[in-house]
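Novice: So I've got this file, query03.txt, and it contains compact mmCIF, C-alpha atoms:
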```txt
# COMPACT_ATOMS: atom_id res chain seq x y z
CA ILE C 1 179.48 143.41 88.80
CA LEU C 2 176.25 142.40 87.08
CA ASN C 3 173.50 141.34 89.47
CA VAL C 4 170.47 139.29 88.44
CA GLU C 5 167.83 138.85 91.14
CA GLN C 6 164.90 136.43 91.14
CA SER C 7 161.91 136.45 93.42
CA PRO C 8 160.43 134.71 95.21
CA GLN C 9 163.13 132.22 96.18
CA SER C 10 160.52 129.46 96.37
CA LEU C 11 156.82 129.03 95.79
CA HIS C 12 154.31 126.33 96.72
CA VAL C 13 151.00 126.34 94.83
CA GLN C 14 148.06 124.03 94.35
CA GLU C 15 147.38 122.28 91.07
CA GLY C 16 145.32 124.60 88.86
CA ASP C 17 146.63 127.83 90.42
CA SER C 18 148.22 130.41 88.17
CA THR C 19 151.49 131.86 89.33
CA ASN C 20 154.21 134.29 88.33
CA PHE C 21 157.74 135.17 89.28
CA THR C 22 160.13 138.01 88.64
CA CYS C 23 163.62 138.45 87.26
CA SER C 24 165.39 141.79 87.78
CA PHE C 25 168.49 142.75 85.83
CA PRO C 26 170.57 145.84 84.98
CA SER C 27 168.63 148.16 82.65
CA SER C 28 171.78 149.52 80.99
CA ASN C 29 173.64 147.71 78.20
CA PHE C 30 170.83 145.21 77.72
CA TYR C 31 171.47 142.44 75.21
CA ALA C 32 169.19 139.49 75.97
CA LEU C 33 167.26 137.76 78.73
CA HIS C 34 166.92 133.97 78.87
CA TRP C 35 164.50 131.78 80.86
CA TYR C 36 165.26 128.15 81.68
CA ARG C 37 163.38 125.40 83.52
CA TRP C 38 165.53 122.92 85.47
CA GLU C 39 163.98 119.74 86.82
CA THR C 40 165.90 117.63 89.29
CA ALA C 41 168.35 115.20 87.65
CA LYS C 42 167.68 116.63 84.18
CA SER C 43 169.30 119.22 81.90
CA PRO C 44 168.19 122.85 82.16
CA GLU C 45 165.59 123.33 79.41
CA ALA C 46 165.50 126.56 77.43
CA LEU C 47 162.10 128.26 77.58
CA PHE C 48 162.58 131.71 76.03
CA VAL C 49 165.19 134.11 74.71
CA MET C 50 163.96 137.70 74.76
CA THR C 51 165.75 140.62 73.17
CA LEU C 52 163.29 143.49 72.58
CA ASN C 53 161.62 145.78 75.10
CA GLY C 54 157.95 144.82 75.33
CA ASP C 55 158.61 141.30 74.04
CA GLU C 56 156.01 138.73 75.03
CA LYS C 57 156.67 135.04 74.44
CA LYS C 58 154.40 132.04 75.01
CA LYS C 59 154.95 128.29 75.12
CA GLY C 60 151.84 126.33 76.06
CA ARG C 61 150.74 127.48 79.52
CA ILE C 62 153.94 129.42 80.14
CA SER C 63 154.48 133.00 79.02
CA ALA C 64 157.01 135.73 79.67
CA THR C 65 157.19 139.49 79.32
CA LEU C 66 160.19 141.81 79.15
CA ASN C 67 160.73 145.42 80.23
CA THR C 68 164.29 146.46 79.42
CA LYS C 69 163.82 150.11 80.43
CA GLU C 70 163.05 149.23 84.04
CA GLY C 71 165.07 146.00 84.07
CA TYR C 72 162.60 143.21 84.79
CA SER C 73 160.95 140.17 83.23
CA TYR C 74 157.95 138.22 84.46
CA LEU C 75 157.33 134.51 83.91
CA TYR C 76 153.70 133.37 84.16
CA ILE C 77 152.36 129.82 84.46
CA LYS C 78 148.64 129.39 83.89
CA GLY C 79 146.86 126.47 85.57
CA SER C 80 149.95 124.96 87.25
CA GLN C 81 150.39 121.20 87.02
CA PRO C 82 152.60 118.92 89.17
CA GLU C 83 154.92 118.46 86.17
CA ASP C 84 155.65 122.20 86.28
CA SER C 85 157.54 121.63 89.54
CA ALA C 86 161.11 122.73 88.83
CA THR C 87 163.61 125.52 89.38
CA TYR C 88 163.08 128.43 86.99
CA LEU C 89 166.24 130.34 86.13
CA CYS C 90 166.65 133.61 84.30
CA ALA C 91 169.95 134.69 82.74
CA PHE C 92 171.16 138.02 81.37
CA GLY C 93 173.52 138.39 78.43
CA ALA C 94 174.53 136.77 75.18
CA ASP C 95 177.57 134.45 75.31
CA LYS C 96 178.59 134.86 78.93
CA LEU C 97 175.29 134.40 80.77
CA VAL C 98 174.79 135.84 84.26
CA PHE C 99 172.20 133.74 86.08
CA GLY C 100 169.89 134.53 88.96
CA ALA C 101 169.67 132.06 91.85
CA GLY C 102 166.35 130.73 90.57
CA THR C 103 162.78 130.33 91.82
CA ILE C 104 161.88 126.85 93.07
CA LEU C 105 158.27 126.00 92.19
CA ARG C 106 156.42 123.12 93.83
CA VAL C 107 152.93 122.28 92.57
CA LYS C 108 150.84 120.08 94.87
CA SER C 109 148.13 117.87 93.40
CA GLY T 1 169.04 114.09 67.70
CA ALA T 2 171.28 113.75 70.72
CA GLY T 3 171.55 116.61 73.14
CA VAL T 4 174.60 117.73 75.09
CA SER T 5 176.10 114.89 77.09
CA GLN T 6 178.47 115.08 80.04
CA THR T 7 180.55 112.42 81.72
CA PRO T 8 180.84 111.34 84.41
CA SER T 9 177.44 112.21 85.86
CA ASN T 10 178.92 112.05 89.37
CA LYS T 11 182.50 112.26 90.56
CA VAL T 12 183.78 111.88 94.11
CA THR T 13 187.42 112.68 94.70
CA GLU T 14 189.78 113.52 97.51
CA LYS T 15 191.23 116.94 98.22
CA GLY T 16 194.40 117.47 96.21
CA LYS T 17 193.53 115.07 93.38
CA TYR T 18 193.22 115.90 89.68
CA VAL T 19 189.88 115.51 87.85
CA GLU T 20 188.72 115.74 84.24
CA LEU T 21 185.14 116.44 83.23
CA ARG T 22 184.03 115.78 79.66
CA CYS T 23 181.41 117.50 77.52
CA ASP T 24 180.05 116.30 74.14
CA PRO T 25 178.15 119.16 72.49
CA ILE T 26 175.31 118.91 70.01
CA SER T 27 176.72 117.86 66.64
CA GLY T 28 177.59 120.89 64.50
CA HIS T 29 177.55 123.40 67.36
CA THR T 30 180.71 125.49 67.26
CA ALA T 31 180.13 127.39 70.51
CA LEU T 32 180.63 125.60 73.83
CA TYR T 33 180.27 126.97 77.36
CA TRP T 34 181.16 125.75 80.85
CA TYR T 35 179.33 126.92 83.98
CA ARG T 36 179.51 125.91 87.64
CA GLN T 37 176.60 125.85 90.05
CA SER T 38 177.28 125.87 93.77
CA LEU T 39 174.56 125.04 96.28
CA GLY T 40 171.91 127.74 96.56
CA GLN T 41 173.27 129.82 93.70
CA GLY T 42 172.64 130.16 90.00
CA PRO T 43 175.10 128.78 87.45
CA GLU T 44 178.28 130.85 87.18
CA PHE T 45 180.13 131.31 83.88
CA LEU T 46 183.58 129.73 83.58
CA ILE T 47 184.71 129.70 79.93
CA TYR T 48 183.37 129.96 76.39
CA PHE T 49 184.85 128.34 73.26
CA GLN T 50 184.23 129.32 69.66
CA GLY T 51 185.64 126.42 67.68
CA THR T 52 188.93 125.29 69.19
CA GLY T 53 189.83 128.57 70.85
CA ALA T 54 188.73 130.01 74.17
CA ALA T 55 186.87 133.21 73.28
CA ASP T 56 186.39 134.20 76.93
CA ASP T 57 187.99 132.46 79.93
CA SER T 58 187.36 135.28 82.39
CA GLY T 59 185.25 133.09 84.66
CA LEU T 60 187.92 130.51 85.49
CA PRO T 61 188.49 131.08 89.22
CA ASN T 62 192.25 130.43 89.29
CA ASP T 63 195.06 128.62 87.49
CA ARG T 64 194.01 125.24 88.87
CA PHE T 65 191.19 125.28 86.31
CA PHE T 66 191.89 124.68 82.63
CA ALA T 67 189.71 123.69 79.67
CA VAL T 68 190.51 122.44 76.19
CA ARG T 69 188.63 121.73 72.99
CA PRO T 70 191.35 120.50 70.63
CA GLU T 71 189.20 119.48 67.66
CA GLY T 72 186.38 121.96 68.09
CA SER T 73 183.92 119.38 69.34
CA VAL T 74 184.43 117.55 72.68
CA SER T 75 185.71 119.67 75.54
CA THR T 76 187.43 118.67 78.77
CA LEU T 77 187.46 120.78 81.93
CA LYS T 78 190.51 119.96 84.04
CA ILE T 79 190.86 120.78 87.72
CA GLN T 80 194.22 120.33 89.45
CA ARG T 81 194.80 120.01 93.20
CA THR T 82 191.07 119.94 93.93
CA GLU T 83 189.77 121.75 97.01
CA ARG T 84 186.55 121.17 98.97
CA GLY T 85 185.27 124.50 97.62
CA ASP T 86 185.38 123.08 94.09
CA SER T 87 182.41 120.85 94.96
CA ALA T 88 179.59 121.89 92.64
CA VAL T 89 177.57 120.89 89.59
CA TYR T 90 179.59 121.59 86.45
CA LEU T 91 177.32 122.35 83.49
CA CYS T 92 178.23 122.39 79.82
CA ALA T 93 176.18 124.03 77.08
CA SER T 94 176.50 124.44 73.33
CA SER T 95 174.98 126.67 70.67
CA PRO T 96 175.26 126.85 66.86
CA GLY T 97 177.83 129.67 67.05
CA LEU T 98 176.49 131.61 64.08
CA ALA T 99 177.76 135.15 63.68
CA GLY T 100 175.47 137.90 64.97
CA GLY T 101 172.33 137.62 67.07
CA VAL T 102 171.63 135.93 70.36
CA GLU T 103 171.53 132.14 70.53
CA THR T 104 169.89 129.70 72.89
CA GLN T 105 172.43 127.73 74.89
CA TYR T 106 171.49 124.04 75.19
CA PHE T 107 172.63 122.48 78.43
CA GLY T 108 173.77 119.01 79.40
CA PRO T 109 172.69 117.33 82.65
CA GLY T 110 175.87 118.34 84.48
CA THR T 111 178.60 116.56 86.41
CA ARG T 112 178.18 116.59 90.17
CA LEU T 113 181.65 116.90 91.68
CA LEU T 114 182.21 116.21 95.37
CA VAL T 115 185.64 116.85 96.85
CA LEU T 116 186.13 115.15 100.23
```
Rewrite the structure from the file as structure tokens, please.
Specialist:
Amino acid sequence: ILNVEQSPQSLHVQEGDSTNFTCSFPSSNFYALHWYRWETAKSPEALFVMTLNGDEKKKGRISATLNTKEGYSYLYIKGSQPEDSATYLCAFGADKLVFGAGTILRVKS
Amino acid sequence: GAGVSQTPSNKVTEKGKYVELRCDPISGHTALYWYRQSLGQGPEFLIYFQGTGAADDSGLPNDRFFAVRPEGSVSTLKIQRTERGDSAVYLCASSPGLAGGVETQYFGPGTRLLVL
């Protein structure tokens, strides 16, 4: 059974703080790693799809890195803003995605 | 362009009843996916369509769950004899479905199902 773990479970930061969270996944038979942001009452929004070891992706203040050999990915948010408050999900796979339970981020102004 | 839409947004039903949940994918997307998210967990895969056919239905929990996509566009997830444990957010996603490579799955807002 594939297991995708995310940590921490939740995070409270002040506006302007930089933060990061972790996604751990099986290092064997790697295909792809996806990051999503899910705000309450909205659709999960795709942030990144990462396929190559050492991949680094960036979208505005958010960036992600990938280490397929050791089975982890980091998501970084620089200068957190209240609008970054959401649940951040990672998912492993191609068609049939296996999701972690998510990291809930709350940014206080 | 319109994203993935799902109806209804909320559904309350009684134990034992039948429910249908609808998903309208992004126009032109041939791949369609259903997931279910229970409280405190990440979304869990149910079924994946490529065109009209179910390419992988290994996530359907039992034979009370069934999904169709008769014309390769709109999909309906059908749940018979609902149980309280079926209460969850049912998410639908679509992707272009091009051969080879990994695609981003674009999600709808979900249907929140509550079985009393």
Novice: Tell me as a count of residues only which residues belonging to chain T come within 12 Å of chain C, counting only C-alpha atoms.
Specialist: 55
Novice: Suppose you want the space between atom CA of Pro8 of chain C and atom CA of Ser87 of chain T; what is it in Å?
Specialist: 26.0 Å
Novice: Near segment 17-25 of chain C, counting all atoms listed in the file, which residues have an atom at most 8 Å away, once you skip same-chain residues fewer than 4 positions from it, shown as a list in words?
Specialist: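 Listed by chain and then number, they are Leu2, Asn3, Val4, Glu5, Gln6, Ser7, Pro8, Val13, Gly71, Tyr72, Ser73, Tyr74, Leu75, Tyr76, Ile77, Lys78, Gly79, Ser80, Cys90, Phe92, Gly100 and Thr103 of chain C.
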Novice: Interatomic distance between atom CA of Arg106 of chain C and atom CA of Gly60 of chain C?
Specialist: 18.6 Å
Novice: In Å, with one decimal, what is the gap from atom CA of Lys58 of chain C to atom CA of Ala86 of chain C?
Specialist: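 A separation of 18.0 Å between them.
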Novice: Taking all atoms listed in the file into account, name the residue in C:Gln81, C:Gly54, C:Ser28, C:Arg37 that is nearest to Ile104 of chain C.
Specialist: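 Once distances to Ile104 of chain C are computed over all atoms listed in the file, the minimum belongs to C:Arg37.
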Novice: The residues within 8 Å of (192.3, 120.7, 93.9), using all atoms listed in the file and the coordinates of the file, should be reported as a VMD selection string; which are they?
Specialist: chain T and resid 15 to 18 64 79 to 84 86
